[in-house]
Amino acid sequence: MSETLLPNIIQFISSIDPFDKLPQPLLRELSRTIKISYKASGSIIDPCEQEDKFLYVIRTGAIEQRKPDGVLRARLGPEDIFGFSFIGSIEDLSEKKKYRAVAIENSILYQIPHSAITRLMEEHPEYAEHFASQAQKRIQSALDVVWSDKEKGLFVKKVSEVASDRVAVVESSMSIKQVALEMSMMQRSSCAVIMEDDQIVGLMTDKDMTKRVIAKDVDTDSPIATVMTPNPLTVKPDDLVLQAASLMMQNNIRNIPVVEDGVVKGLITTTHLVRNNRIQAIFLIEKINYARSIEGLAQLALERQAIFEALVEGKVAIDNIGKVMSLIYDAYTKRILEIAIDKFGAPPCEFTWMVAGSHARNEVHLLSDQDNALILSDDATASDRIYFRHFGAYVVNALHTCGYPLCTGNYMAAVDKWCQPISTWKQYYKKWFCNPEYERLLNITVFLEIRTVYGNQQYVKELQETMRHYIEESREFLGILVREATSVSAPLSIFNNIVLEKSGKDKKTLNVKRHALNPIIDLARIYGLASKELSENGTEDRFKKANEKGLISDEYYKDIIGTYQFISQLRLKHQLWALKNGEEPNNDIQPNHFGSFERKHLKDAFRIIDNLQDAVKLRFSGV
């Protein structure tokens, strides 16, 4: 390497991720190993056939990567890097990572020997992830850079992190006196969980003892079952503290047992919340719960936006942002439903307010629109149907007033088709699964993720059982869903302000929802159906269950989870940027807004999506 060229090389690569992470002495040392090569248009680079392996940095020009079967893998431009796949043993290289590169313009490349990269990784392991051969590790390093591990506040902690293990677990056959003794032996536990046949049947607190036993002079030899609070609410260890706090406020309770697989793990109380923090989102939910009008609810929209901004700026994990925003959406929906009942009178029959889409997945963001429906009892009369038609329209319009946009596809309870008795809904699912034409397939993809927000929860459970039945009956449905889900491909080139899709069509912006997030959500949906875990609506949860059941390999699982988190993060940052600059948030990102950091990791992400789409086609197309 000529010393006269070294400053220019260092200046160029020092602004490119991951070289910008290296201190100057290491950067200079690595730069001295660089070879400069010129590739005329049409020149082929086949790393698999080369004895010496390199990491390539494109200085000028454009490079196209092709898989062994000729399919486009990626198209790269200035500042892009390729050759990560060949770091390590060539014998360990999987078929999916093999490719050859072709210069589609006259190009100048900087070639860094893999031996130099390997030596840097061995001597300075703190930088190893940035140069890892596995794309998921590089994407994870990107998340680690952006997401800080610093404390973000109590409300996005898990219940298990703040719950007390001081809880007495007793049997329903025990006397009041025996339970009180158990509570005192548990270092003055404020609560006892009452069990019967390994099921939680009740709760008894120290305040209950005062009000229900001492104040009323109840015989302490009486069974605890005579004074306990029956059928208590519970939370899981992985639930957010915000969720537990929201339940406490909505139900005016001070204690909730933490339960996993029927085993009591601890107790969370209002004392834990007051002692640890003031929770901004909880106060908004409390305001929502006590709002007296739709106008009053609408005035809280700015606080909802402020919480979203705080979550993104605070670098809170993607799944927690979705859960917090979903809890707020739930609170709005429930309060509007209560106001509607006050306005229209008591519902004439049992019903469920069901949500779908991102709301059902607990993945709500600032642009989430409405996907909802009404399920009515089968004994609903014509008069009842008229009540719910007006009721649904009122709630949908009120949600719109509060900042939740109307669904452009009209998947809302205000539409008569989506306000039907439970038996009609079951017929819908039968028709969708057994004869999945385009319109019906669209319907089922909307209503594959469903969740009860208000009303009879059993109706949604029945529909999930109906889905499970028809999935087993209609084996070809999964294959049809795979073909539809893999028809939209991730773009394989982002440079010079152009996004090139597989079809060859050029676009000036990247719609990150259509070309990145939707394909991932569709893949998760397929794995969710294949694993028959229909109660798991979340994208990450579906992939996790599929991995646990052996439907998706550890490598693919880690790849796609990292990709989903990175792309989601990118979208939320874009939405935040729009808010800060007085623009309307959207999903369309200008490629010239991408720095080297985002460009490199996006290309990794698109390749991961493309690879998993291929894997899904092979595994499920013939089902």
# chains A, B, ... in the order shown; residues from 1 in each chain; ligands from 1
>>> residues_around(residues="Lys573 (chain A)", least_positions_apart="2", cutoff="12 Å", atoms="only C-alpha atoms", output="VMD selection string")
chain A and resid 146 to 147 308 to 316 318 365 to 366 512 566 to 571 575 to 580 585 to 587 589 593 to 594 598
>>> closest_residue(among="A:Met209, A:Leu242, A:Ala168, A:Ser173", to="Val193 (chain A)", atoms="only C-alpha atoms")
A:Ala168
>>> residues_around(residues="Lys287 (chain A)", least_positions_apart="2", cutoff="12 Å", atoms="only C-alpha atoms", output="list in words")
Ser246, Met249, Gln250, Gln280, Ala281, Ile282, Phe283, Leu284, Ile285, Asn289, Tyr290, Ala291, Arg292, Ser293, Gly296, Leu297, Ala298, Gln299, Leu300, Ala301, Glu303, Arg304, Ile328, Ala331, Tyr332 and Arg335 of chain A
>>> atom_distance(atom1="CA of Lys158 (chain A)", atom2="CA of Val235 (chain A)")
10.5 Å
>>> residues_around(residues="Tyr556 (chain A)", least_positions_apart="4", cutoff="8 Å", atoms="only C-alpha atoms", output="JSON, numbers by chain")
{"A": [552, 560, 612]}
>>> select_by_dssp(residues="region 312-544 of chain A", states="alpha helix (DSSP H)", output="ChimeraX atom specification")
/A:312-313,318-344,357-360,382-401,422-434,438-446,458-473,475-485,512,518-531,539-544
>>> residues_around(residues="region 380-386 of chain A", least_positions_apart="5", cutoff="12 Å", atoms="only C-alpha atoms", output="list in words")
Phe344, Gly345, Ala346, Pro347, Pro348, Cys349, Glu350, Phe351, Leu374, Ile375, Phe391, Gly392, Ala393, Ala413, Ala414, Val415, Asp416, Lys417, Trp418, Cys419, Gln420, Pro421, Ile422, Ser423 and Thr424 of chain A
>>> atom_distance(atom1="CA of Arg475 (chain A)", atom2="CA of Tyr459 (chain A)")
24.9 Å
>>> residues_around(residues="Asn320 (chain A)", least_positions_apart="3", cutoff="8 Å", atoms="only C-alpha atoms", output="list in words")
Val156, Leu240, Val316, Ala317, Lys323 and Val324 of chain A
>>> atom_distance(atom1="CA of Leu302 (chain A)", atom2="CA of Gln243 (chain A)")
21.2 Å
>>> select_by_dssp(residues="region 382-593 of chain A", states="strand (DSSP E)", output="list in words")
Cys419, Gln420, Pro421, Ile450, Arg451, Thr452, Val453, Tyr454, Gly455, Ser493, Ile494, Phe495, Ile498, Val499, Leu500, Asp506, Lys507, Leu510, Asn511, Asp588 and Ile589 of chain A
>>> residues_around(residues="Val396 (chain A)", least_positions_apart="4", cutoff="10 Å", atoms="only C-alpha atoms", output="PyMOL selection string")
chain A and resi 333+336-337+370-373+391-392+400-402+404-407+412-415
>>> closest_residue(among="A:Asp208, A:Asp219, A:Glu171, A:Glu465", to="Ile194 (chain A)", atoms="only C-alpha atoms")
A:Glu171
>>> closest_residue(among="A:Asp80, A:Asp52, A:Glu64, A:Glu476", to="Asp17 (chain A)", atoms="only C-alpha atoms")
A:Asp80
